[in-house]
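J.: Quick one: the structure is below, questions incoming.
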Amino acid sequence: MFCFQCQETAKNTGCTVKGMCGKPEETANLQDLLIFVLRGIAVYGERLKELGSPDRSNDDFVLQGLFATITNANWDDARFTAMIQDGLARRDRLRSAFLAAYKAKHGKDFSEPLPDAATWSGSSATFADKAKAVGILATENEDVRSLREFLIIGLKGIAAYAEHAAVLGFRKPEIDDFMLEALASTTKNLSVDEMVGLVMKAGQVAVTTMALLDEANTKTYGHPEMTQVNIGAGTNPGILISGHDLKDMEELLKQTEGTGVDVYTHGEMLPANYYPAFKKYKHFIGNYGGSWWHQNPEFEAFNGPILLTTNCLVPLKKENTYLDRLYTTGVVGYEGAKHIPERPAGGAKDFSAMIAQAKKCAPPTELEKGTIVGGFAHHQVMALADKVVEAVKSGAIKRFVVMAGCDGRQKARSYYTEVAEALPKDTVILTAGCAKYRYNKLNLGDIGGIPRVLDAGQCNDSYSLAVIALKLKEVFGLDDINKLPVSYDIAWYEQKAVAVLLALLFLGVKGIRLGPTLPGFLSPAVAKVVVEKFDLKPIGTVQDDIAAMMAGK
């Protein structure tokens, strides 16, 4: 295997024996083969569009296929094998449609050479051998490989956000069209400028996608609002829901109402507590535990069923006993866990088995007491705009530091806790994503009633932080977003963070600090281009970085 798509990658170059995330070689190879099959689908999909006969029947499959290969999403080889087989059948149907459309338009059979992804005919018996032949290292030139994988990794993040929006009925054809264009491009011999252009276009599409998801979430569930979230535990049995999918959250709350079973969020589902539509449920207790990598002991202590709606599922350890309480849904898969199927057309997912099991379980073991505050998406911050602007003009707020992104296991990530603790008292932290768990339970106080940590929500809500910055630029009459008193000190872990990074680069943000390391998938030459063009820089020491940020550097 070879995988370098997340920040944990071995020696910051690539995992070659087993993923640092726990992913075994067999699973990694099947994921590579699924991406290869998606490329074949894209080749024919793009060509059909060029012939004026676009086919939208595979849009969901492409999004879900990309999403399933994100770090810590799916560990079930049987699910990947089934997806590959389905993908090959879809590709072959597209090929037949393309050949027919080509002949109808040109009056002759298509006879040009096609890439291997569009022609390979495989069976389950040959999957393992083929997977090894089409993995990341199949692209020999390291700079071409770097740019192709930069694009693919960004696509995975975009696909996750687009899938969440699609579940709520919100789609934009241009997002699905770009998925095909970008995947197909990785089968072509493009110039460096063309590949860089596609990577930058991915940033543009990431902005479009996050804006669409923001629209989907807020039109469906209302605008997040400033909320004190309980982090203690109640006395009833409970269900713990983790991940990012708010539709699953809605259906679970409806089905548990009146059953005597409480519902708690975990990890990136914490921001569900901020939405007005969910606050009406009295059995919605609050948030349990911290970020994704703490889940082994926290899931063990919860005592009741756990639902994983998207990625950030950590493999169980030998001492863990909660596998019989673990449920997956959507793109998530784990061998031995119970999988809740997709909702039927016009219907809802069936969580009755979880609810029945929960009733037989002990209440959660309380881990902590108190509350944390969040809900500062762009609509809420704009409601406080006068207060914020006055604080900036008076000097009460000297600087905003965007510390959005991901949390992770590496000890080096204590940097973000130390930065939060050491920042001057006249600074405000803007955050989104699970990076906030490094400092959202610290007592950092407020500035004139404005909390010093403003949590916008999930990683996809990093869009809110961009909207806030652009609005402040307008309010202060500036011609460049980089003239704002805003510094960016971003933590990254997986592919959605890459999509967010590309979005920020597309919006023209420069001087971003990125850590704990720069991505291992950037070759030295590609990293040099990105660093020079966007002033992207690795994190340094806490003291040096704070001094530089306060000086606007």
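To be explicit about the labels: the chains of the structure tokens are called A, B, and onward in the order shown, and within each one the residues are counted from 1, while ligands get numbers from 1 in the order they are shown.
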Can you pull out every residue within 10 Å of Glu418 in chain A, counting only C-alpha atoms, but drop anything in the same chain fewer than 6 positions away, and send it as a VMD selection string?

T.: chain A and resid 438 to 439 541 to 543

J.: Extract, using only C-alpha atoms, all DNA, RNA and protein residues at most 10 Å from Gly19 in chain A, discarding same-chain residues fewer than 5 positions from it, and format them as a PyMOL selection string.

T.: chain A and resi 1-4+6+8-10+14+24-25+27-28+71

J.: Export, as a compact mmCIF listing (two decimals), in the first residue's frame, the selected residues with N, CA, C and O atoms.

T.:
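Generated file (out.txt):
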# COMPACT_ATOMS: atom_id res chain seq x y z
N MET A 1 0.83 -1.19 0.00
CA MET A 1 0.00 0.00 0.00
C MET A 1 0.87 1.25 0.00
O MET A 1 2.06 1.19 0.33
N PHE A 2 0.29 2.33 -0.41
CA PHE A 2 0.93 3.64 -0.26
C PHE A 2 -0.18 4.66 -0.08
O PHE A 2 -1.05 4.79 -0.94
N CYS A 3 -0.16 5.35 1.04
CA CYS A 3 -1.20 6.35 1.31
C CYS A 3 -0.56 7.54 2.03
O CYS A 3 0.15 7.37 3.01
N PHE A 4 -0.82 8.74 1.50
CA PHE A 4 -0.29 9.94 2.16
C PHE A 4 -1.34 11.05 2.21
O PHE A 4 -1.02 12.23 2.18
N CYS A 6 -3.49 11.90 4.67
CA CYS A 6 -3.80 12.60 5.92
C CYS A 6 -2.51 13.08 6.60
O CYS A 6 -1.40 12.71 6.23
N GLU A 8 -1.31 12.41 9.47
CA GLU A 8 -0.59 11.41 10.27
C GLU A 8 0.36 10.56 9.45
O GLU A 8 1.08 9.74 10.01
N THR A 9 0.35 10.68 8.13
CA THR A 9 1.09 9.76 7.28
C THR A 9 2.52 9.54 7.77
O THR A 9 3.19 10.48 8.22
N ALA A 10 2.98 8.33 7.72
CA ALA A 10 4.25 7.93 8.32
C ALA A 10 5.41 8.78 7.81
O ALA A 10 5.62 8.91 6.60
N GLY A 14 4.52 8.83 3.61
CA GLY A 14 3.52 7.88 3.14
C GLY A 14 3.51 6.62 3.99
O GLY A 14 4.56 6.14 4.42
N PRO A 24 -5.64 -1.18 7.13
CA PRO A 24 -4.76 -2.25 6.64
C PRO A 24 -4.52 -2.14 5.14
O PRO A 24 -5.23 -1.43 4.41
N GLU A 25 -3.50 -2.86 4.68
CA GLU A 25 -3.11 -2.81 3.27
C GLU A 25 -4.27 -3.18 2.34
O GLU A 25 -4.48 -2.53 1.32
N THR A 27 -7.49 -2.90 2.67
CA THR A 27 -8.50 -1.84 2.58
C THR A 27 -7.96 -0.66 1.76
O THR A 27 -8.67 -0.10 0.92
N ALA A 28 -6.70 -0.31 2.01
CA ALA A 28 -6.09 0.79 1.25
C ALA A 28 -6.09 0.49 -0.24
O ALA A 28 -6.38 1.36 -1.08
N THR A 71 -10.21 9.43 5.17
CA THR A 71 -9.60 8.83 6.36
C THR A 71 -10.64 8.57 7.45
O THR A 71 -11.45 9.44 7.76

J.: Which is closest to Lys349 in chain A among A:Lys528, A:Arg409, A:Lys247, A:His164, if we use only C-alpha atoms?

T.: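 Closest candidate: A:Lys247.
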
J.: Got a sec: who's within 8 Å of range 49-59 of chain A, counting only C-alpha atoms, leaving out chain neighbours fewer than 6 positions off, as a ChimeraX atom specification?

T.: /A:90,101-102,105,176

J.: Restricting it to N, CA, C and O atoms, dump the selection as a compact mmCIF listing (two decimals), in the first residue's frame.

T.:
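Once written, out16.txt looks like this:
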# COMPACT_ATOMS: atom_id res chain seq x y z
N ARG A 90 -21.70 0.44 -13.70
CA ARG A 90 -22.10 1.80 -14.08
C ARG A 90 -21.21 2.32 -15.21
O ARG A 90 -21.70 2.94 -16.16
N ALA A 101 -23.98 7.31 -28.60
CA ALA A 101 -24.12 8.74 -28.85
C ALA A 101 -23.06 9.23 -29.84
O ALA A 101 -23.34 10.08 -30.71
N TYR A 102 -21.86 8.70 -29.73
CA TYR A 102 -20.78 9.10 -30.65
C TYR A 102 -21.14 8.70 -32.09
O TYR A 102 -20.99 9.49 -33.02
N LYS A 105 -23.84 10.87 -33.57
CA LYS A 105 -23.42 12.22 -33.91
C LYS A 105 -22.45 12.26 -35.07
O LYS A 105 -22.52 13.14 -35.94
N ASP A 176 -21.15 18.62 -9.51
CA ASP A 176 -21.04 17.26 -10.04
C ASP A 176 -20.24 17.24 -11.35
O ASP A 176 -19.46 16.31 -11.59

J.: How close does range 341-377 of chain A get to range 251-263 of chain A? List, as a Markdown table, each residue of range 341-377 of chain A within 7 Å, its nearest atom pair and the distance in Å to one decimal, counting only C-alpha atoms.

T.:
| residue | atom | partner | partner_atom | distance |
| --- | --- | --- | --- | --- |
| A:Ala348 | CA | A:Glu251 | CA | 6.7 |
| A:Phe351 | CA | A:Leu252 | CA | 6.6 |
| A:Ile355 | CA | A:Thr256 | CA | 6.8 |
| A:Ala358 | CA | A:Val261 | CA | 6.8 |
| A:Lys359 | CA | A:Val261 | CA | 6.6 |

J.: Let's have the selection written as an mmCIF file, in the first residue's frame, with N, CA and C atoms.

T.:
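As written to disk, again-v5.cif reads:
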data_model
loop_
_atom_site.group_PDB
_atom_site.id
_atom_site.type_symbol
_atom_site.label_atom_id
_atom_site.label_comp_id
_atom_site.auth_asym_id
_atom_site.auth_seq_id
_atom_site.Cartn_x
_atom_site.Cartn_y
_atom_site.Cartn_z
ATOM 1 N N ALA A 348 -37.630 7.707 6.010
ATOM 2 C CA ALA A 348 -36.561 7.984 6.959
ATOM 3 C C ALA A 348 -35.791 6.706 7.249
ATOM 4 N N PHE A 351 -34.120 3.651 12.965
ATOM 5 C CA PHE A 351 -33.224 3.544 14.111
ATOM 6 C C PHE A 351 -33.833 2.712 15.243
ATOM 7 N N ILE A 355 -32.687 2.028 19.294
ATOM 8 C CA ILE A 355 -33.520 2.504 20.394
ATOM 9 C C ILE A 355 -33.867 1.347 21.334
ATOM 10 N N ALA A 358 -30.824 0.563 23.323
ATOM 11 C CA ALA A 358 -30.521 1.610 24.291
ATOM 12 C C ALA A 358 -31.341 1.450 25.567
ATOM 13 N N LYS A 359 -32.587 1.050 25.415
ATOM 14 C CA LYS A 359 -33.474 0.898 26.580
ATOM 15 C C LYS A 359 -32.954 -0.132 27.577
#

J.: Running DSSP on the backbone, which parts of range 476-513 of chain A land in helix (DSSP H, G or I), as a list in words?

T.: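 Matching residues, listed in order: Ile481, Asn482, Lys483, Gln495, Lys496, Ala497, Val498, Ala499, Val500, Leu501, Leu502, Ala503, Leu504, Leu505 and Phe506 of chain A.
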
J.: Quick one: everything within 9 Å of Lys483 in chain A, counting only C-alpha atoms, minus sequence neighbours fewer than 3 positions away in the same chain. Send it as an mmCIF file with all heavy atoms, in the first residue's frame.

T.:
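Contents of the output file selection_26.cif:
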data_model
loop_
_atom_site.group_PDB
_atom_site.id
_atom_site.type_symbol
_atom_site.label_atom_id
_atom_site.label_comp_id
_atom_site.auth_asym_id
_atom_site.auth_seq_id
_atom_site.Cartn_x
_atom_site.Cartn_y
_atom_site.Cartn_z
ATOM 1 N N LYS A 473 -14.207 42.952 5.969
ATOM 2 C CA LYS A 473 -13.480 43.700 4.939
ATOM 3 C C LYS A 473 -14.364 44.813 4.375
ATOM 4 O O LYS A 473 -13.928 45.958 4.188
ATOM 5 C CB LYS A 473 -13.055 42.728 3.822
ATOM 6 C CG LYS A 473 -12.480 43.404 2.576
ATOM 7 C CD LYS A 473 -12.331 42.388 1.463
ATOM 8 C CE LYS A 473 -12.207 43.100 0.123
ATOM 9 N NZ LYS A 473 -12.334 42.179 -1.013
ATOM 10 N N LEU A 478 -12.007 48.002 3.278
ATOM 11 C CA LEU A 478 -10.690 47.564 2.813
ATOM 12 C C LEU A 478 -10.793 46.964 1.415
ATOM 13 O O LEU A 478 -11.835 46.440 1.019
ATOM 14 C CB LEU A 478 -10.108 46.529 3.780
ATOM 15 C CG LEU A 478 -9.921 47.005 5.227
ATOM 16 C CD1 LEU A 478 -9.474 45.849 6.113
ATOM 17 C CD2 LEU A 478 -8.919 48.154 5.292
ATOM 18 N N ASP A 479 -9.701 47.023 0.659
ATOM 19 C CA ASP A 479 -9.697 46.471 -0.700
ATOM 20 C C ASP A 479 -9.034 45.101 -0.774
ATOM 21 O O ASP A 479 -8.929 44.505 -1.843
ATOM 22 C CB ASP A 479 -8.999 47.438 -1.671
ATOM 23 C CG ASP A 479 -7.550 47.719 -1.283
ATOM 24 O OD1 ASP A 479 -7.085 47.179 -0.240
ATOM 25 O OD2 ASP A 479 -6.874 48.487 -1.997
ATOM 26 N N ASP A 480 -8.584 44.582 0.365
ATOM 27 C CA ASP A 480 -7.865 43.304 0.374
ATOM 28 C C ASP A 480 -8.167 42.596 1.692
ATOM 29 O O ASP A 480 -7.988 43.173 2.779
ATOM 30 C CB ASP A 480 -6.355 43.558 0.243
ATOM 31 C CG ASP A 480 -5.538 42.282 0.129
ATOM 32 O OD1 ASP A 480 -6.089 41.190 0.378
ATOM 33 O OD2 ASP A 480 -4.341 42.371 -0.189
ATOM 34 N N VAL A 486 -6.676 39.889 10.962
ATOM 35 C CA VAL A 486 -6.993 38.464 11.056
ATOM 36 C C VAL A 486 -5.763 37.650 10.673
ATOM 37 O O VAL A 486 -5.158 37.889 9.613
ATOM 38 C CB VAL A 486 -8.164 38.070 10.132
ATOM 39 C CG1 VAL A 486 -8.454 36.567 10.254
ATOM 40 C CG2 VAL A 486 -9.425 38.874 10.461
ATOM 41 N N GLY A 552 0.966 41.077 12.521
ATOM 42 C CA GLY A 552 0.341 41.006 11.194
ATOM 43 C C GLY A 552 1.163 40.263 10.180
ATOM 44 O O GLY A 552 1.010 40.448 8.971
#

J.: What are the DSSP strand (DSSP E) residues of range 136-372 of chain A, as a ChimeraX atom specification?

T.: /A:227-230,238-242,262-266,284-287,306-308,326-329,338-340,371-372

J.: For Ala499 in chain A, which residue among A:Gly375, A:Pro113, A:Gly405, A:Gly347 is the nearest when counting only C-alpha atoms?

T.: A:Gly405

J.: Considering only C-alpha atoms, state which residue in the set A:Gln228, A:Ser96, A:Asn29, A:Asn74 is at the smallest distance from Ile41 in chain A.

T.: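 Among the listed residues, the smallest separation from Ile41 in chain A belongs to A:Ser96.
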
J.: Give me, as a Markdown table, each residue of range 292-409 of chain A that comes within 12 Å of range 505-527 of chain A, together with its shortest interatomic pair and the distance in Å at one decimal, counting only C-alpha atoms, with rows ordered by chain and rising residue number.

T.:
| residue | atom | partner | partner_atom | distance |
| --- | --- | --- | --- | --- |
| A:Val401 | CA | A:Ile512 | CA | 10.6 |
| A:Val402 | CA | A:Ile512 | CA | 9.4 |
| A:Met403 | CA | A:Arg513 | CA | 9.6 |
| A:Ala404 | CA | A:Leu514 | CA | 10.3 |
| A:Gly405 | CA | A:Leu514 | CA | 9.6 |
| A:Cys406 | CA | A:Gly515 | CA | 9.9 |
| A:Asp407 | CA | A:Pro516 | CA | 10.0 |
| A:Gly408 | CA | A:Pro516 | CA | 9.5 |
| A:Arg409 | CA | A:Pro516 | CA | 10.8 |

J.: Export N, CA, C and O atoms of the chosen residues as a compact mmCIF listing (two decimals), in the first residue's frame?

T.:
# COMPACT_ATOMS: atom_id res chain seq x y z
N VAL A 401 -7.76 35.51 15.47
CA VAL A 401 -6.90 34.41 15.02
C VAL A 401 -7.80 33.23 14.64
O VAL A 401 -8.54 32.70 15.49
N VAL A 402 -7.78 32.87 13.37
CA VAL A 402 -8.58 31.73 12.89
C VAL A 402 -7.81 30.46 13.20
O VAL A 402 -6.75 30.20 12.64
N MET A 403 -8.36 29.66 14.11
CA MET A 403 -7.73 28.39 14.50
C MET A 403 -8.70 27.26 14.19
O MET A 403 -9.04 26.43 15.05
N ALA A 404 -9.15 27.23 12.96
CA ALA A 404 -10.09 26.20 12.52
C ALA A 404 -9.33 24.95 12.09
O ALA A 404 -8.11 24.93 12.03
N GLY A 405 -10.11 23.90 11.76
CA GLY A 405 -9.49 22.70 11.21
C GLY A 405 -9.77 21.46 12.05
O GLY A 405 -10.84 21.31 12.63
N CYS A 406 -8.77 20.60 12.11
CA CYS A 406 -8.93 19.26 12.67
C CYS A 406 -8.12 19.07 13.94
O CYS A 406 -7.09 19.71 14.13
N ASP A 407 -8.59 18.15 14.76
CA ASP A 407 -7.78 17.67 15.88
C ASP A 407 -7.13 16.35 15.46
O ASP A 407 -7.47 15.77 14.42
N GLY A 408 -6.20 15.88 16.27
CA GLY A 408 -5.51 14.63 15.97
C GLY A 408 -4.72 14.16 17.16
O GLY A 408 -4.67 14.82 18.20
N ARG A 409 -4.08 13.01 16.99
CA ARG A 409 -3.43 12.34 18.12
C ARG A 409 -2.03 12.84 18.43
O ARG A 409 -1.52 12.60 19.52

J.: Using only C-alpha atoms for the distances, tell me which of A:His223, A:His266, A:Arg399, A:His294 is nearest to Phe278 in chain A.

T.: A:His223

J.: Which is closest to Tyr488 in chain A among A:Met549, A:Ile447, A:Val205, A:Ala456, if we use only C-alpha atoms?

T.: A:Met549

J.: Using only C-alpha atoms, pick whichever of A:Ile239, A:Ala184, A:Val314, A:Asp489 has the shortest atom-to-atom distance to Lys537 in chain A.

T.: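 Looking only at the distances to Lys537 in chain A, the closest residue turns out to be A:Asp489.
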